[in-house]
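Colleague: Please see the structure below; I have some questions.
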Amino acid sequence: MGQSLSVRKLEAWYGSNQTLKGINMEIIPNQVTAIIGPSGCGKSTFVRCINRMHETLPGTKVKGEIILDGESVYDQDPVALRKSVGMVFQKANPFPSMSIYENVVAGLRLNGMKSKQKLQATAEKSLRMAALWDEVKDRLNYSGMSLSGGQQQRLCIARALAVEPSVLLMDEPASALDPIATTHIEELIRQLKENYTILIVTHNMQQAARIADSTAFFLNGELVEHGPTSDIFTNPHDKRTEDYITGRFG
């Protein structure tokens, strides 16, 4: 099942540039939370802080607390944390030298799983959950790069699911895809929230309205407003949210 996340007074920097300013946010388990806002507002930095990827870049700094299911992420080993908090990036990134099958089980092998039976069972389960099994079951030994863009993105989702996370972070997962592939990804996200807590960064406000239970609007590194998606889109409390959603700026 998905786990809860509490973000308290989160601040982040790239060098001297502060990209997040005092973010306080409660993320409800087994829901889809969309992060919207103009380019450069801190959306991607926010999700990268949750699985401690932000701090891997030189010159970065983080302050504040992120509590995952009652425990600070900063008290956890980052590698172990990334098993609990999976990440899917904007551009599908299958490992080019690996087959479809080896892409899915890469994280399991890294974590020491050696049983061929368990690896095969988990690969099938993950590919089924990513709605990809029926399309690739007869060519698991083909290169992951042989798949279409939409299939590659679902392969990356299967790879993230294989290590059994409780939280799934998605940074613009459909922005490079055609409308049909985007629909597949959106349907998949709706199904996955039964078992995962999902945060999705998106520039596409229609996408947020379609798939998100709650939506958070970021602007200039600040969290302007966070609430049920229907409220954010039809009855925002802050004029800046209204201006962004109606296209007056951003």
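Note on naming: chains are A, B, ... as they come in the structure tokens, residues start from 1 per chain, ligands start from 1 in the order shown.
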Can you list, as a PyMOL selection string, every residue of region 87-230 of chain A that DSSP puts in helix (DSSP H, G or I)?

Modeller: chain A and resi 100-110+116-129+133-136+144-146+149-162+179-192+205-211+229-230

Colleague: Would you output that residue set with C-alpha atoms, as an mmCIF file, in the first residue's frame?

Modeller:
data_model
loop_
_atom_site.group_PDB
_atom_site.id
_atom_site.type_symbol
_atom_site.label_atom_id
_atom_site.label_comp_id
_atom_site.auth_asym_id
_atom_site.auth_seq_id
_atom_site.Cartn_x
_atom_site.Cartn_y
_atom_site.Cartn_z
ATOM 1 C CA ILE A 100 13.487 -5.811 -21.761
ATOM 2 C CA TYR A 101 13.652 -8.503 -19.066
ATOM 3 C CA GLU A 102 16.998 -7.358 -17.659
ATOM 4 C CA ASN A 103 15.747 -3.759 -17.534
ATOM 5 C CA VAL A 104 12.865 -4.797 -15.284
ATOM 6 C CA VAL A 105 14.976 -6.905 -12.905
ATOM 7 C CA ALA A 106 18.003 -4.584 -12.787
ATOM 8 C CA GLY A 107 17.041 -3.121 -9.391
ATOM 9 C CA LEU A 108 16.309 -6.564 -7.964
ATOM 10 C CA ARG A 109 19.723 -7.841 -9.027
ATOM 11 C CA LEU A 110 21.310 -4.727 -7.529
ATOM 12 C CA LYS A 116 15.779 -17.082 -11.234
ATOM 13 C CA GLN A 117 12.221 -18.096 -10.346
ATOM 14 C CA LYS A 118 11.639 -14.995 -8.204
ATOM 15 C CA LEU A 119 13.205 -12.717 -10.814
ATOM 16 C CA GLN A 120 10.990 -14.143 -13.552
ATOM 17 C CA ALA A 121 7.845 -13.953 -11.413
ATOM 18 C CA THR A 122 8.545 -10.349 -10.402
ATOM 19 C CA ALA A 123 9.350 -9.342 -13.980
ATOM 20 C CA GLU A 124 6.028 -10.720 -15.218
ATOM 21 C CA LYS A 125 4.073 -9.167 -12.335
ATOM 22 C CA SER A 126 5.715 -5.759 -12.876
ATOM 23 C CA LEU A 127 5.185 -5.806 -16.638
ATOM 24 C CA ARG A 128 1.536 -6.769 -16.089
ATOM 25 C CA MET A 129 1.117 -3.908 -13.617
ATOM 26 C CA TRP A 133 3.227 -7.806 -20.531
ATOM 27 C CA ASP A 134 0.936 -8.756 -23.415
ATOM 28 C CA GLU A 135 2.928 -6.553 -25.802
ATOM 29 C CA VAL A 136 6.399 -7.861 -24.878
ATOM 30 C CA GLY A 144 14.617 -2.257 -24.241
ATOM 31 C CA MET A 145 15.485 0.316 -26.904
ATOM 32 C CA SER A 146 13.516 -1.688 -29.500
ATOM 33 C CA GLY A 149 8.469 5.697 -26.797
ATOM 34 C CA GLY A 150 5.269 4.934 -24.906
ATOM 35 C CA GLN A 151 6.319 1.327 -24.344
ATOM 36 C CA GLN A 152 9.749 2.456 -23.132
ATOM 37 C CA GLN A 153 8.079 4.705 -20.560
ATOM 38 C CA ARG A 154 5.899 1.813 -19.351
ATOM 39 C CA LEU A 155 9.048 -0.346 -19.196
ATOM 40 C CA CYS A 156 10.621 2.279 -16.912
ATOM 41 C CA ILE A 157 7.463 2.209 -14.767
ATOM 42 C CA ALA A 158 7.712 -1.608 -14.576
ATOM 43 C CA ARG A 159 11.370 -1.270 -13.540
ATOM 44 C CA ALA A 160 10.379 1.152 -10.773
ATOM 45 C CA LEU A 161 7.555 -1.144 -9.594
ATOM 46 C CA ALA A 162 9.742 -4.269 -9.499
ATOM 47 C CA PRO A 179 -1.817 11.285 -27.352
ATOM 48 C CA ILE A 180 -2.479 7.519 -27.499
ATOM 49 C CA ALA A 181 0.615 6.665 -25.443
ATOM 50 C CA THR A 182 -0.286 9.472 -23.028
ATOM 51 C CA THR A 183 -3.751 7.939 -22.551
ATOM 52 C CA HIS A 184 -2.112 4.571 -21.738
ATOM 53 C CA ILE A 185 0.100 6.212 -19.099
ATOM 54 C CA GLU A 186 -2.836 8.102 -17.570
ATOM 55 C CA GLU A 187 -4.972 4.952 -17.368
ATOM 56 C CA LEU A 188 -2.043 3.169 -15.756
ATOM 57 C CA ILE A 189 -1.595 5.923 -13.138
ATOM 58 C CA ARG A 190 -5.280 5.696 -12.214
ATOM 59 C CA GLN A 191 -4.926 1.935 -11.652
ATOM 60 C CA LEU A 192 -1.632 2.156 -9.747
ATOM 61 C CA MET A 205 -3.293 21.126 -16.614
ATOM 62 C CA GLN A 206 -5.867 19.014 -18.454
ATOM 63 C CA GLN A 207 -3.852 15.964 -17.439
ATOM 64 C CA ALA A 208 -3.836 17.082 -13.801
ATOM 65 C CA ALA A 209 -7.608 17.606 -13.959
ATOM 66 C CA ARG A 210 -8.102 14.131 -15.463
ATOM 67 C CA ILE A 211 -5.993 12.002 -13.142
ATOM 68 C CA THR A 229 -8.199 19.020 -7.764
ATOM 69 C CA SER A 230 -11.821 20.038 -8.363
#

Colleague: Could you build a table of the residues in region 80-183 of chain A lying no more than 10 Å from region 193-204 of chain A, giving for each the nearest pair of atoms and their separation in Å rounded to one decimal place, using only C-alpha atoms, ordered by chain and ascending residue number, as JSON lines?

Modeller:
{"residue": "A:Val85", "atom": "CA", "partner": "A:Thr197", "partner_atom": "CA", "distance": 9.3}
{"residue": "A:Gly86", "atom": "CA", "partner": "A:Ile198", "partner_atom": "CA", "distance": 9.6}
{"residue": "A:Met87", "atom": "CA", "partner": "A:Leu199", "partner_atom": "CA", "distance": 9.6}
{"residue": "A:Val88", "atom": "CA", "partner": "A:Ile200", "partner_atom": "CA", "distance": 9.3}
{"residue": "A:Phe89", "atom": "CA", "partner": "A:Val201", "partner_atom": "CA", "distance": 9.8}
{"residue": "A:Gln90", "atom": "CA", "partner": "A:Val201", "partner_atom": "CA", "distance": 9.2}
{"residue": "A:Leu161", "atom": "CA", "partner": "A:Tyr196", "partner_atom": "CA", "distance": 9.6}
{"residue": "A:Glu164", "atom": "CA", "partner": "A:Tyr196", "partner_atom": "CA", "distance": 9.4}
{"residue": "A:Pro165", "atom": "CA", "partner": "A:Tyr196", "partner_atom": "CA", "distance": 7.6}
{"residue": "A:Ser166", "atom": "CA", "partner": "A:Tyr196", "partner_atom": "CA", "distance": 5.2}
{"residue": "A:Val167", "atom": "CA", "partner": "A:Thr197", "partner_atom": "CA", "distance": 4.7}
{"residue": "A:Leu168", "atom": "CA", "partner": "A:Ile198", "partner_atom": "CA", "distance": 4.8}
{"residue": "A:Leu169", "atom": "CA", "partner": "A:Leu199", "partner_atom": "CA", "distance": 5.0}
{"residue": "A:Met170", "atom": "CA", "partner": "A:Ile200", "partner_atom": "CA", "distance": 4.6}
{"residue": "A:Asp171", "atom": "CA", "partner": "A:Val201", "partner_atom": "CA", "distance": 4.8}
{"residue": "A:Glu172", "atom": "CA", "partner": "A:Thr202", "partner_atom": "CA", "distance": 5.0}
{"residue": "A:Pro173", "atom": "CA", "partner": "A:Ile200", "partner_atom": "CA", "distance": 7.8}
{"residue": "A:Ala174", "atom": "CA", "partner": "A:Thr202", "partner_atom": "CA", "distance": 8.5}
{"residue": "A:Ser175", "atom": "CA", "partner": "A:Thr202", "partner_atom": "CA", "distance": 7.9}

Colleague: Hey, what does DSSP flag as strand (DSSP E or B) within region 93-243 of chain A? Can you give it to me as a PyMOL selection string?

Modeller: chain A and resi 99+143+167-171+197-201+214-219+222-228

Colleague: May I have the residues from that selection written out with C-alpha atoms, as a PDB file, in the first residue's frame?

Modeller:
ATOM      1  CA  SER A  99      17.074  -6.625 -22.703  1.00  0.00           C
ATOM      2  CA  SER A 143      16.672  -4.666 -26.313  1.00  0.00           C
ATOM      3  CA  VAL A 167       5.601   5.943  -3.350  1.00  0.00           C
ATOM      4  CA  LEU A 168       5.983   6.608  -7.073  1.00  0.00           C
ATOM      5  CA  LEU A 169       7.349   9.957  -8.262  1.00  0.00           C
ATOM      6  CA  MET A 170       6.705  10.851 -11.910  1.00  0.00           C
ATOM      7  CA  ASP A 171       8.354  13.880 -13.464  1.00  0.00           C
ATOM      8  CA  THR A 197       1.061   7.003  -3.365  1.00  0.00           C
ATOM      9  CA  ILE A 198       1.732   8.882  -6.617  1.00  0.00           C
ATOM     10  CA  LEU A 199       3.152  12.360  -7.201  1.00  0.00           C
ATOM     11  CA  ILE A 200       3.154  13.572 -10.780  1.00  0.00           C
ATOM     12  CA  VAL A 201       4.818  16.745 -12.033  1.00  0.00           C
ATOM     13  CA  SER A 214      -5.318  16.680  -5.314  1.00  0.00           C
ATOM     14  CA  THR A 215      -3.263  19.393  -6.994  1.00  0.00           C
ATOM     15  CA  ALA A 216      -0.501  21.641  -5.670  1.00  0.00           C
ATOM     16  CA  PHE A 217       0.363  24.902  -7.442  1.00  0.00           C
ATOM     17  CA  PHE A 218       3.978  26.052  -7.143  1.00  0.00           C
ATOM     18  CA  LEU A 219       5.226  29.530  -8.076  1.00  0.00           C
ATOM     19  CA  GLU A 222       6.653  28.588  -3.031  1.00  0.00           C
ATOM     20  CA  LEU A 223       3.611  26.380  -2.563  1.00  0.00           C
ATOM     21  CA  VAL A 224       0.782  28.796  -3.348  1.00  0.00           C
ATOM     22  CA  GLU A 225      -2.128  26.421  -2.925  1.00  0.00           C
ATOM     23  CA  HIS A 226      -2.840  22.706  -2.402  1.00  0.00           C
ATOM     24  CA  GLY A 227      -6.214  21.033  -2.261  1.00  0.00           C
ATOM     25  CA  PRO A 228      -8.700  18.732  -4.011  1.00  0.00           C
TER      26      PRO A 228
END

Colleague: Would you mind telling me which residue in A:Val32, A:Ala130, A:Ala12, A:Leu177 lies nearest to Gly59 (chain A) when using only C-alpha atoms?

Modeller: A:Ala12

Colleague: Out of A:Ile50, A:Lys63, A:Ser84, A:Asn93, which residue has the shortest atom-to-atom distance to Gly2 (chain A) when counting only C-alpha atoms?

Modeller: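 Looking only at the distances to Gly2 (chain A), the closest residue turns out to be A:Ser84.
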
Colleague: For CA of Arg52 (chain A) and CA of Ile35 (chain A), determine how far apart the two atoms are, in Å to one decimal place.

Modeller: 17.7 Å

Colleague: For the atom pair CA of Thr33 (chain A) and CA of Ala131 (chain A), what is the interatomic distance in Å to one decimal place?

Modeller: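 Interatomic distance, CA of Thr33 (chain A) to CA of Ala131 (chain A): 21.4 Å.
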
Colleague: Figure out the distance between CA of Leu57 (chain A) and CA of Thr45 (chain A), please, to one decimal in Å.

Modeller: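 Atom-to-atom, CA of Thr45 (chain A) to CA of Leu57 (chain A), that is 11.1 Å.
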
Colleague: At a cut-off of 9 Å, using only C-alpha atoms, what residues contact Asn24 (chain A)? Leave out same-chain residues fewer than 4 positions from it and give the result as an NGL selection string.

Modeller: :A and (6-10 or 223)

Colleague: Write the residues you've just listed into a file as an mmCIF file, in the first residue's frame, and include N, CA and C atoms for each of them.

Modeller:
data_model
loop_
_atom_site.group_PDB
_atom_site.id
_atom_site.type_symbol
_atom_site.label_atom_id
_atom_site.label_comp_id
_atom_site.auth_asym_id
_atom_site.auth_seq_id
_atom_site.Cartn_x
_atom_site.Cartn_y
_atom_site.Cartn_z
ATOM 1 N N SER A 6 4.796 13.667 4.734
ATOM 2 C CA SER A 6 4.633 15.000 5.312
ATOM 3 C C SER A 6 5.876 15.816 4.997
ATOM 4 N N VAL A 7 5.677 16.958 4.399
ATOM 5 C CA VAL A 7 6.793 17.841 4.055
ATOM 6 C C VAL A 7 6.689 19.079 4.938
ATOM 7 N N ARG A 8 7.782 19.395 5.644
ATOM 8 C CA ARG A 8 7.745 20.484 6.620
ATOM 9 C C ARG A 8 8.918 21.438 6.416
ATOM 10 N N LYS A 9 8.572 22.697 6.140
ATOM 11 C CA LYS A 9 9.569 23.771 6.022
ATOM 12 C C LYS A 9 10.709 23.391 5.073
ATOM 13 N N LEU A 10 10.365 22.776 3.946
ATOM 14 C CA LEU A 10 11.388 22.315 3.006
ATOM 15 C C LEU A 10 11.941 23.482 2.192
ATOM 16 N N LEU A 223 4.873 27.080 -2.383
ATOM 17 C CA LEU A 223 3.611 26.380 -2.563
ATOM 18 C C LEU A 223 2.496 27.404 -2.344
#

Colleague: Excluding Gly15 (chain A) and residues on its chain fewer than 6 positions from it, collect all residues at most 10 Å away from it, counting only C-alpha atoms, and give them as a list in words.

Modeller: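 The residues that qualify are Pro58, Gly59, Thr60 and Lys61 of chain A.
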